[in-house]
Amino acid sequence: MSYNLTNLAYLVTIVTFILALRYLSHPAHARRGNQIGAVGMLIAIAVTFAHKGLTSYWVIAVGMAIGGGFGAVAARKVKMTAMPQMVALFNGVGGGAAALISLAELHRILPEAGAPKVDIGLSIVLSALIGSISFAGSMIAFAKLQELIGGRPITYAGQQYVNATLFLSCIAAGVALIAGVQDEWLLWALVSGALVFGVLFVLPIGGADMPVVISLLNAFTGLAAAATGFELENNVLIVAGMLVGASGTLLTMKMGQAMNRSITNVLFGAFGQVSEQAAAVAAGEGGGTVRSVSAEDVAVMLAYARKVVFVPGYGLAVAQAQHDVRALADLLEAKGVEVSYAIHPVAGRMPGHMNVLLAEANVPYDQLKEMDEANTEFSRTDVAVVVGANDVVNPDARNNPGSPIYGMPILNVDEAQTVVVLKRSMNPGFAGIENPLFYNPKTVMLFGDAKASIVELAQDVKAV
Amino acid sequence: MSHNTLLVFEVTILVLAIFLGFEVISKVPAMLHTPLMSGTNAIHGIVIVGAMLVLGLPNKGVFTWVIGFVAVVLASANVVGGFVVTDRMLEMFKKREPAKPDDGKDDAAK
């Protein structure tokens, strides 16, 4: 295929990607958007196969079969609850590919005198740097969400200085390369440094902030892909990579806004580092008592309520209890109880994650209340049932300036007549911070696995 | 086309892509944040094109064979996994639509 024909075909791919992003931002045809994007990707791959001078078709095909096979199986098998870490994993391998391409490209051009040209050198350095950080950071994000390593922030003294030194060393190696030092090992050193930096960069960030981090790393991989496009002088890589880089950055800011956390705060704030003040306040409130009740009591409460609001959190997702909650809600509705669901923007582990899970359980769309709407309803709610949510209903976010989540918008469940908290144990939530809601005199706790508790509640409601 | 002409052209489309990327998703509702992130994740799988070009180079040494092959494997996992995961997420949204007409009783409860 000629150079011009190839680029025209790539233009088709670019258009499909733009349409994909546009469609993906509207609920009605989001799925079609994704399909359009996939078609565009197929076109790009087919065109590249027809690229003039391309060799080793079979090896490429085998590589694609291995990678694609793994991707398809992993993406099919994964539970809905584990989606966030899957996104992190797929994002990471993309970044890794970009870094590898830059290594191979430098290796190819270095024997020439005067190579690399400044712009090519800059692109190689950028895609190696950003790609490696994205790869290592995403793997840590994956490990944290998969609970292979602790979700809590890991910090040590002087961490910021170590990170800064490491990052500056990488930059120094990059500058040397661009300035014309013809040594491949410089790029290897840069990649190794960036990998370590990626690990150290994400380790201190708490699990609750992981969605924002994954989104940011996603934008990073887009930038790395765009830089790769400059290396290889390839339009589709430049445009598609930059589209993701830009839209990913905007998306990251939007997610941060939904959690009322600035990006700098997420990245450098070591979320979950309970300040002295917050610890003191929590200790003061920790003296309060927790009331534990039986499922029967709660069932009676629910059956005679006028209005019940379910507040689903990650605990519900983990226990796969969304279908059982739906069944319980149906029983209550049959008894004339008004039921709705209050969805915090970051309920679950990612913005929109909970909507996906409840939609899977066929919960009617109009029963799902976004945070602002839900908060106007709690004052006339008889029973708020918190199923495995914690940080998103923590009144400290409203009242305690020393709390690490102070300022995050929350669901004001404590305005309801009674709050029932379904929880496995008194362990603090994912962010690892105390929740005074549990010590509120209005609150009763129903301990146990969320799914088991809900099923028991449903049986008891039937019996009432 | 000289190298510099090409470079200016590339920088031009890069800058246009920045504005387009911001513009095209500016109105996304919160419930689509995760699927959109996942969708853009699949799109940057376009690095597969770069990986193919590297592995498809003629007269390459062992180094390029190995690096290129691993890059193709990783990028394909990104592409296929990214699109499939996004589709599974959005499938959940789609299932809801046929349920909508029988929402009458829920409206009554409002």
# chains A, B, ... in the order shown; residues from 1 in each chain; ligands from 1
>>> closest_atom_pairs(of="stretch 343-413 of chain A", to="stretch 319-327 of chain A", cutoff="8 Å", atoms="only C-alpha atoms", output="JSON lines")
{"residue": "A:Leu357", "atom": "CA", "partner": "A:Gln322", "partner_atom": "CA", "distance": 6.8}
{"residue": "A:Leu358", "atom": "CA", "partner": "A:Gln322", "partner_atom": "CA", "distance": 6.0}
{"residue": "A:Ala361", "atom": "CA", "partner": "A:His323", "partner_atom": "CA", "distance": 5.0}
{"residue": "A:Asn362", "atom": "CA", "partner": "A:Arg326", "partner_atom": "CA", "distance": 7.8}
{"residue": "A:Val363", "atom": "CA", "partner": "A:Arg326", "partner_atom": "CA", "distance": 6.3}
>>> select_by_dssp(residues="stretch 58-207 of chain A", states="alpha helix (DSSP H)", output="VMD selection string")
chain A and resid 58 to 77 83 to 109 118 to 145 159 to 178 184 to 202
>>> residues_around(residues="A:Thr228", least_positions_apart="5", cutoff="9 Å", atoms="only C-alpha atoms", output="PDB file with C-alpha atoms, in the first residue's frame")
ATOM      1  CA  ALA A  98       5.284   2.168  24.059  1.00  0.00           C
ATOM      2  CA  ALA A  99       8.449   2.017  26.174  1.00  0.00           C
ATOM      3  CA  ILE A 101       9.085   0.496  20.965  1.00  0.00           C
ATOM      4  CA  SER A 102      11.290   3.427  21.969  1.00  0.00           C
ATOM      5  CA  SER A 123      10.089  11.583  21.388  1.00  0.00           C
ATOM      6  CA  ILE A 124      12.079   8.472  22.247  1.00  0.00           C
ATOM      7  CA  LEU A 126       9.327  10.875  26.363  1.00  0.00           C
ATOM      8  CA  SER A 127       7.696   7.638  25.281  1.00  0.00           C
ATOM      9  CA  ALA A 128      10.268   5.587  27.226  1.00  0.00           C
ATOM     10  CA  LEU A 223       0.841  10.602  25.642  1.00  0.00           C
ATOM     11  CA  GLU A 233       6.447   9.396  11.936  1.00  0.00           C
ATOM     12  CA  ASN A 234       3.016   7.873  12.098  1.00  0.00           C
ATOM     13  CA  LEU A 237      -0.378   7.120  16.624  1.00  0.00           C
ATOM     14  CA  ILE A 238       0.066  10.851  17.136  1.00  0.00           C
ATOM     15  CA  GLY A 241      -2.486   8.914  21.418  1.00  0.00           C
TER      16      GLY A 241
ATOM     17  CA  VAL B  47       0.466   1.525  19.944  1.00  0.00           C
ATOM     18  CA  GLY B  50       3.990   0.969  16.324  1.00  0.00           C
TER      19      GLY B  50
END
>>> closest_residue(among="A:Gln159, A:Thr16, A:Ser169, A:Asn235", to="chain B", atoms="only C-alpha atoms")
A:Asn235
>>> closest_residue(among="A:Arg380, A:Lys307, A:Arg261, A:Arg424", to="chain B", atoms="only C-alpha atoms")
A:Lys307
>>> residues_around(residues="B:Phe19", least_positions_apart="3", cutoff="10 Å", atoms="only C-alpha atoms", output="number ranges by chain")
A: 242-243, 246-247; B: 14-16, 22-24
>>> write_last_selection(atoms="N, CA and C atoms", output="compact mmCIF listing (two decimals), in the first residue's frame")
# COMPACT_ATOMS: atom_id res chain seq x y z
N MET A 242 -2.76 11.31 21.33
CA MET A 242 -3.00 12.63 21.93
C MET A 242 -4.46 12.80 22.30
N LEU A 243 -5.39 12.23 21.51
CA LEU A 243 -6.81 12.28 21.87
C LEU A 243 -7.00 11.68 23.26
N ALA A 246 -5.36 13.89 25.98
CA ALA A 246 -6.14 15.08 26.34
C ALA A 246 -7.44 14.71 27.04
N SER A 247 -8.20 13.78 26.44
CA SER A 247 -9.49 13.45 27.06
C SER A 247 -9.26 12.76 28.40
N LEU B 14 -0.97 17.37 16.24
CA LEU B 14 -0.90 17.07 17.67
C LEU B 14 -1.69 18.10 18.46
N VAL B 15 -1.45 19.37 18.13
CA VAL B 15 -2.12 20.44 18.88
C VAL B 15 -3.63 20.40 18.63
N LEU B 16 -4.03 20.14 17.39
CA LEU B 16 -5.46 20.03 17.09
C LEU B 16 -6.07 18.88 17.89
N PHE B 22 -10.14 17.34 24.42
CA PHE B 22 -10.83 18.02 25.51
C PHE B 22 -12.30 18.24 25.16
N GLU B 23 -12.53 18.68 23.91
CA GLU B 23 -13.87 19.08 23.50
C GLU B 23 -14.83 17.89 23.45
N VAL B 24 -14.34 16.79 22.91
CA VAL B 24 -15.26 15.72 22.52
C VAL B 24 -15.88 15.02 23.73
>>> closest_residue(among="A:Val62, A:Ala303, A:Val455, A:Leu177", to="chain B", atoms="only C-alpha atoms")
A:Val62
>>> atom_distance(atom1="atom CA of A:Ala295", atom2="atom CA of A:Val392")
23.5 Å
>>> residues_around(residues="B:Ile48", least_positions_apart="2", cutoff="10 Å", atoms="only C-alpha atoms", output="mmCIF file with N, CA and C atoms, in the first residue's frame")
data_model
loop_
_atom_site.group_PDB
_atom_site.id
_atom_site.type_symbol
_atom_site.label_atom_id
_atom_site.label_comp_id
_atom_site.auth_asym_id
_atom_site.auth_seq_id
_atom_site.Cartn_x
_atom_site.Cartn_y
_atom_site.Cartn_z
ATOM 1 N N MET A 41 -9.923 0.365 15.011
ATOM 2 C CA MET A 41 -8.670 -0.296 15.384
ATOM 3 C C MET A 41 -8.353 -1.418 14.399
ATOM 4 N N ALA A 44 -6.935 0.013 11.283
ATOM 5 C CA ALA A 44 -5.542 0.424 11.459
ATOM 6 C C ALA A 44 -4.615 -0.781 11.399
ATOM 7 N N ILE A 45 -5.027 -1.879 12.041
ATOM 8 C CA ILE A 45 -4.176 -3.072 12.069
ATOM 9 C C ILE A 45 -4.058 -3.670 10.662
ATOM 10 N N THR A 48 -1.806 -1.590 8.552
ATOM 11 C CA THR A 48 -0.405 -1.743 8.925
ATOM 12 C C THR A 48 0.159 -3.054 8.386
ATOM 13 N N MET A 64 0.162 -11.346 18.170
ATOM 14 C CA MET A 64 -1.175 -10.786 18.369
ATOM 15 C C MET A 64 -2.125 -11.831 18.934
ATOM 16 N N GLY A 94 -0.160 -1.421 27.708
ATOM 17 C CA GLY A 94 -0.052 -0.464 26.605
ATOM 18 C C GLY A 94 1.144 0.456 26.793
ATOM 19 N N ALA A 97 4.326 -1.386 26.118
ATOM 20 C CA ALA A 97 4.593 -1.535 24.685
ATOM 21 C C ALA A 97 5.240 -0.270 24.129
ATOM 22 N N ALA A 98 4.724 0.904 24.555
ATOM 23 C CA ALA A 98 5.284 2.168 24.059
ATOM 24 C C ALA A 98 6.749 2.296 24.459
ATOM 25 N N ILE A 101 8.907 -0.011 22.326
ATOM 26 C CA ILE A 101 9.085 0.496 20.965
ATOM 27 C C ILE A 101 10.208 1.533 20.936
ATOM 28 N N ALA A 225 1.902 6.980 23.647
ATOM 29 C CA ALA A 225 1.579 6.518 22.290
ATOM 30 C C ALA A 225 1.792 7.644 21.279
ATOM 31 N N LEU A 237 -0.877 7.206 15.250
ATOM 32 C CA LEU A 237 -0.378 7.120 16.624
ATOM 33 C C LEU A 237 -0.395 8.489 17.291
ATOM 34 N N HIS B 44 -5.870 3.822 23.203
ATOM 35 C CA HIS B 44 -4.418 4.000 23.159
ATOM 36 C C HIS B 44 -3.707 2.673 22.867
ATOM 37 N N GLY B 45 -4.478 1.599 22.762
ATOM 38 C CA GLY B 45 -3.929 0.345 22.261
ATOM 39 C C GLY B 45 -3.435 0.492 20.825
ATOM 40 N N ILE B 46 -3.673 1.660 20.224
ATOM 41 C CA ILE B 46 -3.172 1.953 18.882
ATOM 42 C C ILE B 46 -1.649 1.802 18.828
ATOM 43 N N GLY B 50 2.558 0.758 16.144
ATOM 44 C CA GLY B 50 3.990 0.969 16.324
ATOM 45 C C GLY B 50 4.723 -0.335 16.572
ATOM 46 N N ALA B 51 4.120 -1.184 17.410
ATOM 47 C CA ALA B 51 4.755 -2.461 17.730
ATOM 48 C C ALA B 51 4.880 -3.322 16.474
ATOM 49 N N MET B 52 3.836 -3.309 15.627
ATOM 50 C CA MET B 52 3.873 -4.095 14.382
ATOM 51 C C MET B 52 4.974 -3.581 13.461
ATOM 52 N N LEU B 53 5.084 -2.249 13.376
ATOM 53 C CA LEU B 53 6.096 -1.667 12.492
ATOM 54 C C LEU B 53 7.502 -2.047 12.964
ATOM 55 N N VAL B 54 7.708 -2.105 14.276
ATOM 56 C CA VAL B 54 9.024 -2.474 14.805
ATOM 57 C C VAL B 54 9.328 -3.946 14.528
ATOM 58 N N ALA B 71 6.494 -6.339 22.564
ATOM 59 C CA ALA B 71 5.665 -5.139 22.392
ATOM 60 C C ALA B 71 4.353 -5.493 21.692
ATOM 61 N N VAL B 72 4.418 -6.357 20.670
ATOM 62 C CA VAL B 72 3.183 -6.750 19.968
ATOM 63 C C VAL B 72 2.246 -7.486 20.909
ATOM 64 N N VAL B 73 2.816 -8.400 21.731
ATOM 65 C CA VAL B 73 1.984 -9.152 22.667
ATOM 66 C C VAL B 73 1.292 -8.196 23.644
ATOM 67 N N LEU B 74 2.071 -7.293 24.235
ATOM 68 C CA LEU B 74 1.502 -6.365 25.225
ATOM 69 C C LEU B 74 0.437 -5.464 24.593
ATOM 70 N N ALA B 75 0.760 -4.909 23.422
ATOM 71 C CA ALA B 75 -0.187 -3.985 22.791
ATOM 72 C C ALA B 75 -1.472 -4.701 22.392
ATOM 73 N N SER B 76 -1.371 -5.965 21.917
ATOM 74 C CA SER B 76 -2.599 -6.686 21.545
ATOM 75 C C SER B 76 -3.460 -6.945 22.767
ATOM 76 N N ALA B 77 -2.808 -7.242 23.913
ATOM 77 C CA ALA B 77 -3.580 -7.446 25.144
ATOM 78 C C ALA B 77 -4.325 -6.158 25.479
ATOM 79 N N ASN B 78 -3.664 -5.024 25.306
ATOM 80 C CA ASN B 78 -4.283 -3.721 25.551
ATOM 81 C C ASN B 78 -5.508 -3.520 24.652
ATOM 82 N N VAL B 79 -5.335 -3.786 23.363
ATOM 83 C CA VAL B 79 -6.424 -3.547 22.409
ATOM 84 C C VAL B 79 -7.618 -4.453 22.699
#
>>> atom_distance(atom1="atom CA of A:Gln417", atom2="atom CA of A:Thr443")
9.1 Å
